[in-house]
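Participant: Contents are CSV, C-alpha atoms; file name coords.csv:
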chain,number,residue,atom,x,y,z
A,1,MET,CA,-19.1,-21.1,-2.5
A,2,LYS,CA,-16.3,-23.3,-3.7
A,3,ASP,CA,-14.2,-25.5,-1.5
A,4,ILE,CA,-12.4,-23.5,1.2
A,5,LYS,CA,-10.1,-24.3,4.1
A,6,ILE,CA,-10.0,-21.7,6.9
A,7,THR,CA,-7.2,-22.1,9.5
A,8,ILE,CA,-7.4,-20.0,12.7
A,9,GLY,CA,-4.3,-19.5,14.8
A,10,ARG,CA,-5.2,-17.6,18.0
A,11,GLU,CA,-3.9,-16.2,21.3
A,12,LEU,CA,-5.3,-17.7,24.5
A,13,GLY,CA,-8.2,-15.5,25.6
A,14,SER,CA,-8.8,-13.9,22.2
A,15,GLY,CA,-12.0,-15.9,21.6
A,16,GLY,CA,-10.4,-17.4,18.5
A,17,ARG,CA,-12.1,-20.8,19.1
A,18,THR,CA,-15.5,-19.3,19.5
A,19,ILE,CA,-15.0,-17.2,16.3
A,20,GLY,CA,-13.9,-20.3,14.4
A,21,LYS,CA,-17.0,-22.2,15.5
A,22,LEU,CA,-19.2,-19.2,14.5
A,23,VAL,CA,-17.6,-19.1,11.0
A,24,ALA,CA,-18.1,-22.8,10.5
A,25,GLU,CA,-21.7,-22.6,11.6
A,26,LYS,CA,-22.6,-19.5,9.5
A,27,LEU,CA,-20.9,-21.0,6.4
A,28,GLY,CA,-22.4,-24.5,7.1
A,29,ILE,CA,-19.0,-26.2,6.9
A,30,ALA,CA,-17.1,-28.6,9.1
A,31,TYR,CA,-15.3,-27.4,12.3
A,32,TYR,CA,-12.3,-29.4,13.5
A,33,ASP,CA,-10.6,-28.9,16.8
A,34,TYR,CA,-10.7,-31.7,19.4
A,35,GLU,CA,-11.5,-34.1,16.7
A,36,ILE,CA,-7.9,-33.7,15.5
A,37,ILE,CA,-6.6,-34.6,18.9
A,38,ASP,CA,-9.0,-37.5,19.2
A,39,GLN,CA,-8.0,-38.9,15.8
A,40,THR,CA,-4.3,-38.3,16.4
A,41,ALA,CA,-4.6,-40.2,19.6
A,42,LYS,CA,-6.3,-43.1,17.9
A,43,ALA,CA,-3.9,-43.2,15.0
A,44,SER,CA,-0.8,-43.0,17.2
A,45,GLY,CA,-1.9,-45.2,20.0
A,46,PHE,CA,-1.2,-42.5,22.6
A,47,SER,CA,-3.7,-41.2,25.1
A,48,ILE,CA,-5.6,-38.0,24.4
A,49,ASP,CA,-3.9,-36.3,27.4
A,50,PHE,CA,-0.5,-37.2,26.0
A,51,VAL,CA,-1.4,-35.8,22.6
A,52,GLU,CA,-2.8,-32.6,24.1
A,53,GLN,CA,0.3,-32.0,26.2
A,54,SER,CA,2.7,-32.3,23.2
A,55,GLU,CA,2.8,-28.5,22.9
A,56,GLN,CA,4.1,-28.2,26.5
A,57,ARG,CA,6.7,-30.9,26.1
A,58,VAL,CA,8.1,-29.5,22.9
A,59,THR,CA,8.4,-26.1,24.5
A,60,ASN,CA,10.1,-27.6,27.5
A,61,SER,CA,12.6,-29.3,25.2
A,62,LEU,CA,13.2,-26.0,23.4
A,63,LEU,CA,13.9,-24.2,26.7
A,64,TYR,CA,16.1,-27.1,27.8
A,65,ASN,CA,18.1,-26.9,24.6
A,66,LEU,CA,18.4,-23.1,24.9
A,67,ALA,CA,19.8,-23.5,28.4
A,68,LEU,CA,22.3,-26.0,27.0
A,69,GLY,CA,23.3,-23.4,24.3
A,70,SER,CA,22.0,-25.3,21.3
A,71,SER,CA,21.1,-23.1,18.4
A,72,TYR,CA,17.5,-22.1,18.5
A,73,GLY,CA,15.6,-22.6,15.3
A,74,MET,CA,18.0,-25.1,13.8
A,75,SER,CA,17.2,-28.2,15.7
A,76,PRO,CA,14.6,-27.9,18.4
A,77,PHE,CA,15.2,-31.2,20.0
A,78,GLY,CA,18.3,-32.3,21.7
A,79,ARG,CA,19.9,-35.2,23.6
A,80,GLY,CA,17.4,-37.3,25.4
A,81,ASN,CA,14.4,-35.2,24.4
A,82,ASN,CA,12.4,-37.8,22.6
A,83,ILE,CA,12.7,-36.1,19.2
A,84,ASN,CA,11.4,-39.2,17.5
A,85,LEU,CA,8.3,-39.4,19.6
A,86,GLU,CA,7.2,-35.7,19.3
A,87,THR,CA,8.0,-35.6,15.6
A,88,GLN,CA,6.1,-38.8,15.1
A,89,LEU,CA,3.1,-37.3,16.9
A,90,PHE,CA,3.3,-34.1,14.8
A,91,LEU,CA,3.5,-36.2,11.6
A,92,THR,CA,0.5,-38.2,12.6
A,93,GLN,CA,-1.4,-35.0,13.4
A,94,GLN,CA,-0.4,-33.6,10.1
A,95,ARG,CA,-1.8,-36.6,8.3
A,96,VAL,CA,-5.0,-36.4,10.3
A,97,ILE,CA,-5.4,-32.7,9.4
A,98,ARG,CA,-4.8,-33.3,5.7
A,99,GLU,CA,-7.3,-36.1,5.6
A,100,LEU,CA,-9.9,-34.0,7.3
A,101,ALA,CA,-9.2,-31.1,4.9
A,102,ASP,CA,-9.4,-33.4,1.9
A,103,LYS,CA,-13.1,-34.2,2.9
A,104,GLY,CA,-14.2,-30.7,2.0
A,105,SER,CA,-14.6,-27.2,3.2
A,106,CYS,CA,-13.7,-26.7,6.9
A,107,VAL,CA,-12.5,-24.5,9.7
A,108,ILE,CA,-9.5,-25.8,11.7
A,109,VAL,CA,-8.4,-24.1,14.9
A,110,GLY,CA,-4.7,-24.1,16.0
A,111,ARG,CA,-2.3,-27.1,15.5
A,112,CYS,CA,-0.1,-25.4,12.9
A,113,ALA,CA,-2.9,-26.1,10.4
A,114,ASP,CA,-2.0,-22.9,8.4
A,115,TYR,CA,1.5,-24.4,7.9
A,116,ILE,CA,0.3,-28.0,7.3
A,117,LEU,CA,-2.2,-26.9,4.6
A,118,ARG,CA,0.0,-24.2,3.1
A,119,GLU,CA,0.1,-25.8,-0.4
A,120,TYR,CA,-3.7,-26.1,-0.6
A,121,ALA,CA,-5.7,-24.0,-3.0
A,122,SER,CA,-8.4,-21.8,-1.5
A,123,LEU,CA,-6.8,-21.5,1.9
A,124,LEU,CA,-7.5,-18.6,4.2
A,125,ARG,CA,-5.0,-18.4,7.1
A,126,VAL,CA,-6.4,-16.3,9.9
A,127,PHE,CA,-4.8,-15.2,13.2
A,128,VAL,CA,-6.9,-13.8,16.0
A,129,TYR,CA,-5.4,-11.8,18.8
A,130,ALA,CA,-6.2,-9.1,21.4
A,131,ASP,CA,-4.5,-7.0,24.0
A,132,ILE,CA,-3.6,-8.5,27.3
A,133,GLU,CA,-6.3,-6.8,29.3
A,134,HIS,CA,-9.0,-8.1,26.9
A,135,ARG,CA,-7.6,-11.6,27.0
A,136,ARG,CA,-7.4,-11.6,30.8
A,137,LYS,CA,-11.0,-10.3,31.2
A,138,HIS,CA,-12.2,-12.9,28.6
A,139,LEU,CA,-10.6,-15.8,30.5
A,140,ILE,CA,-11.8,-14.7,33.9
A,141,GLU,CA,-15.4,-14.0,32.8
A,142,ASN,CA,-15.9,-16.8,30.4
A,143,TYR,CA,-13.7,-19.6,31.6
A,144,GLY,CA,-13.5,-19.0,35.4
A,145,TYR,CA,-9.8,-18.3,35.4
A,146,ASN,CA,-8.3,-17.1,38.7
A,147,PRO,CA,-7.7,-13.3,38.4
A,148,ASP,CA,-4.5,-13.6,40.4
A,149,THR,CA,-2.8,-16.0,38.0
A,150,THR,CA,-4.5,-15.4,34.6
A,151,LEU,CA,-1.7,-13.0,33.4
A,152,LYS,CA,0.9,-15.7,34.1
A,153,GLU,CA,-1.2,-18.3,32.3
A,154,ILE,CA,-1.5,-16.0,29.3
A,155,LYS,CA,2.3,-15.6,29.1
A,156,ARG,CA,2.9,-19.3,29.5
A,157,ALA,CA,0.4,-20.1,26.7
A,158,ASP,CA,2.1,-17.6,24.4
A,159,LYS,CA,5.4,-19.1,25.0
A,160,ARG,CA,4.0,-22.6,24.6
A,161,ARG,CA,2.2,-22.0,21.4
A,162,SER,CA,5.0,-20.0,19.8
A,163,GLY,CA,7.6,-22.5,20.8
A,164,HIS,CA,5.6,-25.5,19.4
A,165,TYR,CA,4.9,-23.6,16.2
A,166,GLN,CA,8.5,-22.6,15.6
A,167,ALA,CA,9.8,-26.1,16.4
A,168,PHE,CA,7.8,-27.7,13.7
A,169,THR,CA,7.3,-25.0,11.1
A,170,GLU,CA,10.6,-23.0,11.5
A,171,GLN,CA,8.3,-20.0,11.2
A,172,HIS,CA,7.3,-17.4,13.8
A,173,TRP,CA,3.8,-17.8,15.3
A,174,GLY,CA,1.6,-14.7,14.9
A,175,ARG,CA,3.9,-13.0,12.4
A,176,ARG,CA,2.0,-11.6,9.4
A,177,GLN,CA,4.1,-13.5,6.8
A,178,ASN,CA,2.2,-16.7,7.8
A,179,TYR,CA,-1.3,-15.4,7.7
A,180,ASP,CA,-3.8,-13.7,5.3
A,181,LEU,CA,-6.0,-12.0,7.8
A,182,MET,CA,-5.2,-10.9,11.3
A,183,ILE,CA,-7.9,-9.5,13.6
A,184,ASN,CA,-7.7,-7.8,16.9
A,185,SER,CA,-10.9,-9.4,18.4
A,186,GLY,CA,-10.6,-7.2,21.5
A,187,LEU,CA,-11.6,-4.2,19.3
A,188,ILE,CA,-13.6,-5.8,16.5
A,189,GLY,CA,-15.6,-8.2,18.7
A,190,THR,CA,-16.5,-11.9,18.3
A,191,GLU,CA,-19.4,-11.7,15.9
A,192,LYS,CA,-17.8,-9.1,13.7
A,193,SER,CA,-14.5,-10.9,13.5
A,194,ALA,CA,-16.4,-14.0,12.3
A,195,ASP,CA,-18.2,-11.8,9.7
A,196,LEU,CA,-14.9,-10.4,8.4
A,197,ILE,CA,-13.5,-13.9,8.1
A,198,ILE,CA,-16.5,-15.0,6.1
A,199,GLU,CA,-16.3,-12.0,3.8
A,200,ALA,CA,-12.6,-12.8,3.1
A,201,ALA,CA,-13.4,-16.5,2.6
A,202,ASN,CA,-16.2,-15.6,0.1
A,203,LYS,CA,-13.8,-13.5,-1.8
A,204,ILE,CA,-11.0,-16.0,-2.2
A,205,SER,CA,-13.4,-18.9,-3.0
A,206,GLU,CA,-15.3,-16.9,-5.7
B,207,MET,CA,-21.5,6.4,11.0
B,208,LYS,CA,-19.9,8.2,13.9
B,209,ASP,CA,-16.5,9.8,13.8
B,210,ILE,CA,-13.7,7.4,12.8
B,211,LYS,CA,-10.0,7.6,12.1
B,212,ILE,CA,-8.5,4.8,9.9
B,213,THR,CA,-4.7,4.6,9.8
B,214,ILE,CA,-3.1,2.4,7.2
B,215,GLY,CA,0.4,1.1,7.5
B,216,ARG,CA,1.6,-0.8,4.4
B,217,GLU,CA,4.4,-2.5,2.7
B,218,LEU,CA,5.7,-1.0,-0.5
B,219,GLY,CA,4.0,-2.8,-3.4
B,220,SER,CA,1.0,-4.0,-1.3
B,221,GLY,CA,-1.4,-1.5,-2.8
B,222,GLY,CA,-2.0,0.0,0.6
B,223,ARG,CA,-2.3,3.5,-0.7
B,224,THR,CA,-4.8,2.6,-3.3
B,225,ILE,CA,-6.8,0.6,-0.7
B,226,GLY,CA,-6.7,3.6,1.6
B,227,LYS,CA,-8.0,5.9,-1.1
B,228,LEU,CA,-10.8,3.5,-2.0
B,229,VAL,CA,-11.9,3.2,1.7
B,230,ALA,CA,-12.0,7.0,2.0
B,231,GLU,CA,-14.0,7.3,-1.3
B,232,LYS,CA,-16.5,4.6,-0.4
B,233,LEU,CA,-17.0,6.0,3.1
B,234,GLY,CA,-17.1,9.6,1.8
B,235,ILE,CA,-14.4,10.8,4.4
B,236,ALA,CA,-11.1,12.6,4.0
B,237,TYR,CA,-8.0,11.0,2.8
B,238,TYR,CA,-4.6,12.3,3.9
B,239,ASP,CA,-1.3,11.4,2.5
B,240,TYR,CA,0.8,13.9,0.6
B,241,GLU,CA,-1.1,16.7,2.3
B,242,ILE,CA,0.7,15.7,5.5
B,243,ILE,CA,4.1,16.2,3.9
B,244,ASP,CA,2.9,19.4,2.3
B,245,GLN,CA,1.7,20.9,5.6
B,246,THR,CA,4.7,19.6,7.5
B,247,ALA,CA,6.9,21.3,5.0
B,248,LYS,CA,5.0,24.6,5.4
B,249,ALA,CA,4.9,24.4,9.2
B,250,SER,CA,8.6,23.5,9.5
B,251,GLY,CA,10.0,25.7,6.8
B,252,PHE,CA,11.8,22.8,5.1
B,253,SER,CA,11.3,21.7,1.5
B,254,ILE,CA,8.9,19.0,0.6
B,255,ASP,CA,11.8,16.9,-0.6
B,256,PHE,CA,13.6,17.3,2.7
B,257,VAL,CA,10.5,16.2,4.6
B,258,GLU,CA,9.9,13.3,2.3
B,259,GLN,CA,13.4,12.0,2.8
B,260,SER,CA,13.3,12.0,6.5
B,261,GLU,CA,12.6,8.3,6.6
B,262,GLN,CA,15.7,7.6,4.7
B,263,ARG,CA,17.9,9.8,6.8
B,264,VAL,CA,16.6,8.4,10.1
B,265,THR,CA,17.3,4.9,8.9
B,266,ASN,CA,20.8,5.8,7.9
B,267,SER,CA,21.3,7.3,11.3
B,268,LEU,CA,20.1,4.1,12.9
B,269,LEU,CA,22.4,2.0,10.8
B,270,TYR,CA,25.3,4.4,11.5
B,271,ASN,CA,24.6,4.0,15.3
B,272,LEU,CA,24.4,0.3,15.0
B,273,ALA,CA,27.8,0.2,13.3
B,274,LEU,CA,29.2,2.3,16.1
B,275,GLY,CA,27.7,-0.2,18.6
B,276,SER,CA,25.1,2.1,20.1
B,277,SER,CA,22.2,0.2,21.7
B,278,TYR,CA,19.4,-0.1,19.2
B,279,GLY,CA,16.0,0.9,20.3
B,280,MET,CA,17.1,3.2,23.2
B,281,SER,CA,18.4,6.2,21.4
B,282,PRO,CA,18.1,6.1,17.6
B,283,PHE,CA,20.2,9.2,17.0
B,284,GLY,CA,23.9,9.6,17.8
B,285,ARG,CA,26.7,12.0,17.6
B,286,GLY,CA,26.5,14.3,14.7
B,287,ASN,CA,23.2,12.8,13.4
B,288,ASN,CA,21.0,15.8,13.7
B,289,ILE,CA,18.8,14.4,16.4
B,290,ASN,CA,17.1,17.7,17.0
B,291,LEU,CA,16.3,18.3,13.4
B,292,GLU,CA,14.7,14.9,12.7
B,293,THR,CA,12.9,14.9,16.0
B,294,GLN,CA,11.6,18.4,15.3
B,295,LEU,CA,10.3,17.3,11.9
B,296,PHE,CA,8.6,14.3,13.5
B,297,LEU,CA,6.9,16.5,16.1
B,298,THR,CA,5.7,18.9,13.5
B,299,GLN,CA,4.3,16.1,11.4
B,300,GLN,CA,2.7,14.7,14.6
B,301,ARG,CA,1.0,18.0,15.2
B,302,VAL,CA,-0.2,18.2,11.5
B,303,ILE,CA,-1.6,14.7,11.7
B,304,ARG,CA,-3.5,15.4,15.0
B,305,GLU,CA,-4.9,18.6,13.6
B,306,LEU,CA,-6.1,16.9,10.5
B,307,ALA,CA,-7.6,14.1,12.5
B,308,ASP,CA,-9.4,16.6,14.8
B,309,LYS,CA,-11.3,17.9,11.8
B,310,GLY,CA,-13.3,14.7,11.5
B,311,SER,CA,-13.4,11.2,10.0
B,312,CYS,CA,-10.4,10.4,7.8
B,313,VAL,CA,-8.0,7.8,6.4
B,314,ILE,CA,-4.3,8.4,6.9
B,315,VAL,CA,-1.7,6.3,5.1
B,316,GLY,CA,1.7,5.7,6.7
B,317,ARG,CA,3.7,8.3,8.7
B,318,CYS,CA,3.3,6.4,12.1
B,319,ALA,CA,-0.3,7.7,12.2
B,320,ASP,CA,-1.4,4.6,14.1
B,321,TYR,CA,1.0,5.5,16.9
B,322,ILE,CA,0.4,9.2,16.8
B,323,LEU,CA,-3.4,8.8,17.1
B,324,ARG,CA,-3.2,5.8,19.5
B,325,GLU,CA,-5.2,7.6,22.2
B,326,TYR,CA,-8.0,8.6,19.9
B,327,ALA,CA,-11.4,7.0,20.3
B,328,SER,CA,-12.8,5.1,17.3
B,329,LEU,CA,-9.4,4.4,15.8
B,330,LEU,CA,-8.9,1.5,13.4
B,331,ARG,CA,-5.3,0.7,12.8
B,332,VAL,CA,-4.8,-1.3,9.6
B,333,PHE,CA,-1.7,-2.9,8.1
B,334,VAL,CA,-1.6,-4.1,4.5
B,335,TYR,CA,1.0,-6.5,3.3
B,336,ALA,CA,1.6,-9.1,0.6
B,337,ASP,CA,4.2,-11.7,-0.3
B,338,ILE,CA,7.3,-10.6,-2.1
B,339,GLU,CA,6.3,-11.9,-5.5
B,340,HIS,CA,3.0,-10.0,-5.4
B,341,ARG,CA,4.7,-6.8,-4.3
B,342,ARG,CA,7.3,-7.1,-7.0
B,343,LYS,CA,4.7,-7.8,-9.8
B,344,HIS,CA,2.5,-4.9,-8.5
B,345,LEU,CA,5.4,-2.4,-8.6
B,346,ILE,CA,6.6,-3.5,-12.1
B,347,GLU,CA,3.1,-3.6,-13.6
B,348,ASN,CA,1.6,-0.5,-12.0
B,349,TYR,CA,4.6,1.8,-11.3
B,350,GLY,CA,7.0,0.9,-14.0
B,351,TYR,CA,9.7,-0.5,-11.7
B,352,ASN,CA,12.7,-2.1,-13.3
B,353,PRO,CA,12.3,-5.9,-12.9
B,354,ASP,CA,16.0,-6.3,-12.2
B,355,THR,CA,16.1,-4.0,-9.2
B,356,THR,CA,12.6,-4.2,-7.7
B,357,LEU,CA,13.4,-6.8,-5.2
B,358,LYS,CA,16.3,-4.7,-3.9
B,359,GLU,CA,13.9,-1.7,-3.7
B,360,ILE,CA,11.4,-3.6,-1.7
B,361,LYS,CA,14.0,-4.7,0.8
B,362,ARG,CA,15.3,-1.2,1.1
B,363,ALA,CA,11.8,0.2,1.6
B,364,ASP,CA,11.1,-2.4,4.3
B,365,LYS,CA,14.3,-1.5,6.1
B,366,ARG,CA,13.5,2.2,5.7
B,367,ARG,CA,10.0,2.1,7.0
B,368,SER,CA,10.7,-0.2,9.8
B,369,GLY,CA,13.7,1.8,10.9
B,370,HIS,CA,11.8,5.1,10.9
B,371,TYR,CA,8.8,3.6,12.7
B,372,GLN,CA,11.0,2.0,15.4
B,373,ALA,CA,13.0,5.1,15.9
B,374,PHE,CA,10.0,7.3,16.8
B,375,THR,CA,7.5,4.9,18.2
B,376,GLU,CA,9.9,2.3,19.9
B,377,GLN,CA,7.5,-0.3,18.5
B,378,HIS,CA,8.0,-2.8,15.7
B,379,TRP,CA,6.5,-1.9,12.3
B,380,GLY,CA,4.1,-4.5,11.0
B,381,ARG,CA,3.8,-6.4,14.3
B,382,ARG,CA,0.2,-7.3,15.2
B,383,GLN,CA,0.4,-5.6,18.6
B,384,ASN,CA,0.3,-2.2,16.9
B,385,TYR,CA,-2.7,-2.9,14.6
B,386,ASP,CA,-6.3,-4.0,14.7
B,387,LEU,CA,-6.7,-5.5,11.2
B,388,MET,CA,-3.9,-6.9,9.0
B,389,ILE,CA,-4.7,-7.9,5.5
B,390,ASN,CA,-2.7,-9.9,2.9
B,391,SER,CA,-3.8,-7.9,-0.1
B,392,GLY,CA,-2.0,-10.3,-2.4
B,393,LEU,CA,-4.6,-12.9,-1.6
B,394,ILE,CA,-7.6,-10.8,-0.7
B,395,GLY,CA,-7.3,-8.2,-3.5
B,396,THR,CA,-7.5,-4.4,-3.5
B,397,GLU,CA,-11.3,-4.0,-3.7
B,398,LYS,CA,-12.1,-6.7,-1.1
B,399,SER,CA,-9.4,-5.4,1.3
B,400,ALA,CA,-11.1,-2.0,1.1
B,401,ASP,CA,-14.4,-3.7,1.8
B,402,LEU,CA,-13.1,-5.5,4.9
B,403,ILE,CA,-11.6,-2.3,6.3
B,404,ILE,CA,-15.0,-0.6,5.8
B,405,GLU,CA,-16.8,-3.5,7.5
B,406,ALA,CA,-14.5,-3.3,10.5
B,407,ALA,CA,-14.8,0.6,10.6
B,408,ASN,CA,-18.6,0.3,10.6
B,409,LYS,CA,-18.4,-2.1,13.5
B,410,ILE,CA,-16.2,0.0,15.7
B,411,SER,CA,-18.0,3.3,15.0
B,412,GLU,CA,-21.5,1.8,15.6
Let me see the file written as structure tokens.
Facilitator:
Amino acid sequence: MKDIKITIGRELGSGGRTIGKLVAEKLGIAYYDYEIIDQTAKASGFSIDFVEQSEQRVTNSLLYNLALGSSYGMSPFGRGNNINLETQLFLTQQRVIRELADKGSCVIVGRCADYILREYASLLRVFVYADIEHRRKHLIENYGYNPDTTLKEIKRADKRRSGHYQAFTEQHWGRRQNYDLMINSGLIGTEKSADLIIEAANKISE
Amino acid sequence: MKDIKITIGRELGSGGRTIGKLVAEKLGIAYYDYEIIDQTAKASGFSIDFVEQSEQRVTNSLLYNLALGSSYGMSPFGRGNNINLETQLFLTQQRVIRELADKGSCVIVGRCADYILREYASLLRVFVYADIEHRRKHLIENYGYNPDTTLKEIKRADKRRSGHYQAFTEQHWGRRQNYDLMINSGLIGTEKSADLIIEAANKISE
């Protein structure tokens, strides 16, 4: 198998991270997730918590600007919203992701990696999703989420991820135009989703 | 392999029909496409041409209503737009599709079959797409489209298919929520796209 980069965007509760790990394991290639946050924190000088919470802050800024009537999609950041800081953080993270990708074949989960690596050859951009009931069950059973609030958490996560993605890529999160393979893991299952991704990766790195 | 229904929605020029045929051939199951139009024509008493052009007429009605300021998505048909006729045709086609599906395993391309069969067990809803340049090339090389007008044809087909789909399903055509597996055939290729669909079908009909 030649060099390949597999990016995995995913809905909260779809099992996308587990699937990503499985793919990397089965292919014997690198898997990057928290390492990106860690390296971004080191490179930027910010704390890991601060880097992790960037998604939330960016989305808050977007909502704030929407409330002010700014045009959505043109300039996500407005007055007093630390545009420089969040953009700086994104650019650092972008550099970290590209450096990791340059090392060799890998799987990268989340962090707009599909967009950041869009010019790379042998890139497979995956998106993993599932229906709400599957996601809810998955989070309650595997991550101990509170059944009363899980639905709300899911909706907040969708808003957060899509807001952050759109702010930096000017593309819509989860829309087919930005991906090569999109899988309903609720129907297909974790193991088989990983197998499908591997099949597709084998094909494009032939 | 147990009973399975595979529906394939597809963008014009993505090779979705060819992929659907391949899947049916490789699995040794029925493939329905023009047979649906044929049977709908017979059952409704309309001509094949008239049935085939329903998509276009429905989209025209939608655009007409939009121009009149009717609310999109609530009632696609307006004054003088033959609501009964198009709805009747859709209902006849729906009956034909369900009758064909009831006969056993099959692949059905287009015609809102994913929506029509949504309550069936062992249903795999596929969507095949590709980037504009791949679609354009595919249509020119394989179907003799005129290079000067192909892009326009693609845009018209997207509008037509998505308008028709939304009118009768109240869902968005090509959005992940309505599908289980979405494949960029421009990257993955025709043969391999068929293989991925077969892999997924095997999994859910285990």
Participant: One decimal, Å: what's the distance from atom CA of Gln262 of chain B over to atom CA of Glu359 of chain B, could you say?
Facilitator: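 According to the coordinates, atom CA of Gln262 of chain B and atom CA of Glu359 of chain B are separated by 12.7 Å.
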Participant: Which neighbours of Val58 of chain A fall inside 8 Å, counting only C-alpha atoms, when residues of the same chain fewer than 5 positions from it are skipped, and could you give them as a PyMOL selection string?
Facilitator: chain A and resi 77+86+163-164+167
Participant: Could you name the residues that touch segment 300-315 of chain B at 8 Å or less, counting all atoms listed in the file, but leaving out those on the same chain fewer than 4 positions away, as number ranges by chain?
Facilitator: B: 209-216, 222-223, 226-227, 229-230, 235-239, 242, 245-246, 296, 319, 322-323
Participant: Could you write out the selected residues, including C-alpha atoms, as a PDB file, in the frame of the given file?
Facilitator:
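Final file, out-v7.pdb:
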ATOM      1  CA  ASP B 209     -16.500   9.800  13.800  1.00  0.00           C
ATOM      2  CA  ILE B 210     -13.700   7.400  12.800  1.00  0.00           C
ATOM      3  CA  LYS B 211     -10.000   7.600  12.100  1.00  0.00           C
ATOM      4  CA  ILE B 212      -8.500   4.800   9.900  1.00  0.00           C
ATOM      5  CA  THR B 213      -4.700   4.600   9.800  1.00  0.00           C
ATOM      6  CA  ILE B 214      -3.100   2.400   7.200  1.00  0.00           C
ATOM      7  CA  GLY B 215       0.400   1.100   7.500  1.00  0.00           C
ATOM      8  CA  ARG B 216       1.600  -0.800   4.400  1.00  0.00           C
ATOM      9  CA  GLY B 222      -2.000   0.000   0.600  1.00  0.00           C
ATOM     10  CA  ARG B 223      -2.300   3.500  -0.700  1.00  0.00           C
ATOM     11  CA  GLY B 226      -6.700   3.600   1.600  1.00  0.00           C
ATOM     12  CA  LYS B 227      -8.000   5.900  -1.100  1.00  0.00           C
ATOM     13  CA  VAL B 229     -11.900   3.200   1.700  1.00  0.00           C
ATOM     14  CA  ALA B 230     -12.000   7.000   2.000  1.00  0.00           C
ATOM     15  CA  ILE B 235     -14.400  10.800   4.400  1.00  0.00           C
ATOM     16  CA  ALA B 236     -11.100  12.600   4.000  1.00  0.00           C
ATOM     17  CA  TYR B 237      -8.000  11.000   2.800  1.00  0.00           C
ATOM     18  CA  TYR B 238      -4.600  12.300   3.900  1.00  0.00           C
ATOM     19  CA  ASP B 239      -1.300  11.400   2.500  1.00  0.00           C
ATOM     20  CA  ILE B 242       0.700  15.700   5.500  1.00  0.00           C
ATOM     21  CA  GLN B 245       1.700  20.900   5.600  1.00  0.00           C
ATOM     22  CA  THR B 246       4.700  19.600   7.500  1.00  0.00           C
ATOM     23  CA  PHE B 296       8.600  14.300  13.500  1.00  0.00           C
ATOM     24  CA  ALA B 319      -0.300   7.700  12.200  1.00  0.00           C
ATOM     25  CA  ILE B 322       0.400   9.200  16.800  1.00  0.00           C
ATOM     26  CA  LEU B 323      -3.400   8.800  17.100  1.00  0.00           C
TER      27      LEU B 323
END
Participant: Select, as a list in words, those residues of chain B with any atom no more than 6 Å from chain A (distances computed using only C-alpha atoms).
Facilitator: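 Contact residues on the first chain: Asp386, Leu387, Met388, Ile389 and Asn390 of chain B.
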Participant: Kindly export the residues of the current selection with C-alpha atoms, as a PDB file, in the coordinates of the input.
Facilitator:
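Saved file result.pdb follows:
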ATOM      1  CA  ASP B 386      -6.300  -4.000  14.700  1.00  0.00           C
ATOM      2  CA  LEU B 387      -6.700  -5.500  11.200  1.00  0.00           C
ATOM      3  CA  MET B 388      -3.900  -6.900   9.000  1.00  0.00           C
ATOM      4  CA  ILE B 389      -4.700  -7.900   5.500  1.00  0.00           C
ATOM      5  CA  ASN B 390      -2.700  -9.900   2.900  1.00  0.00           C
TER       6      ASN B 390
END
Participant: Just want the 9 Å neighbourhood of segment 137-150 of chain A, counted on all atoms listed in the file, with same-chain residues fewer than 4 positions away dropped. Output as a PyMOL selection string.
Facilitator: chain A and resi 12-15+132-133+154-155
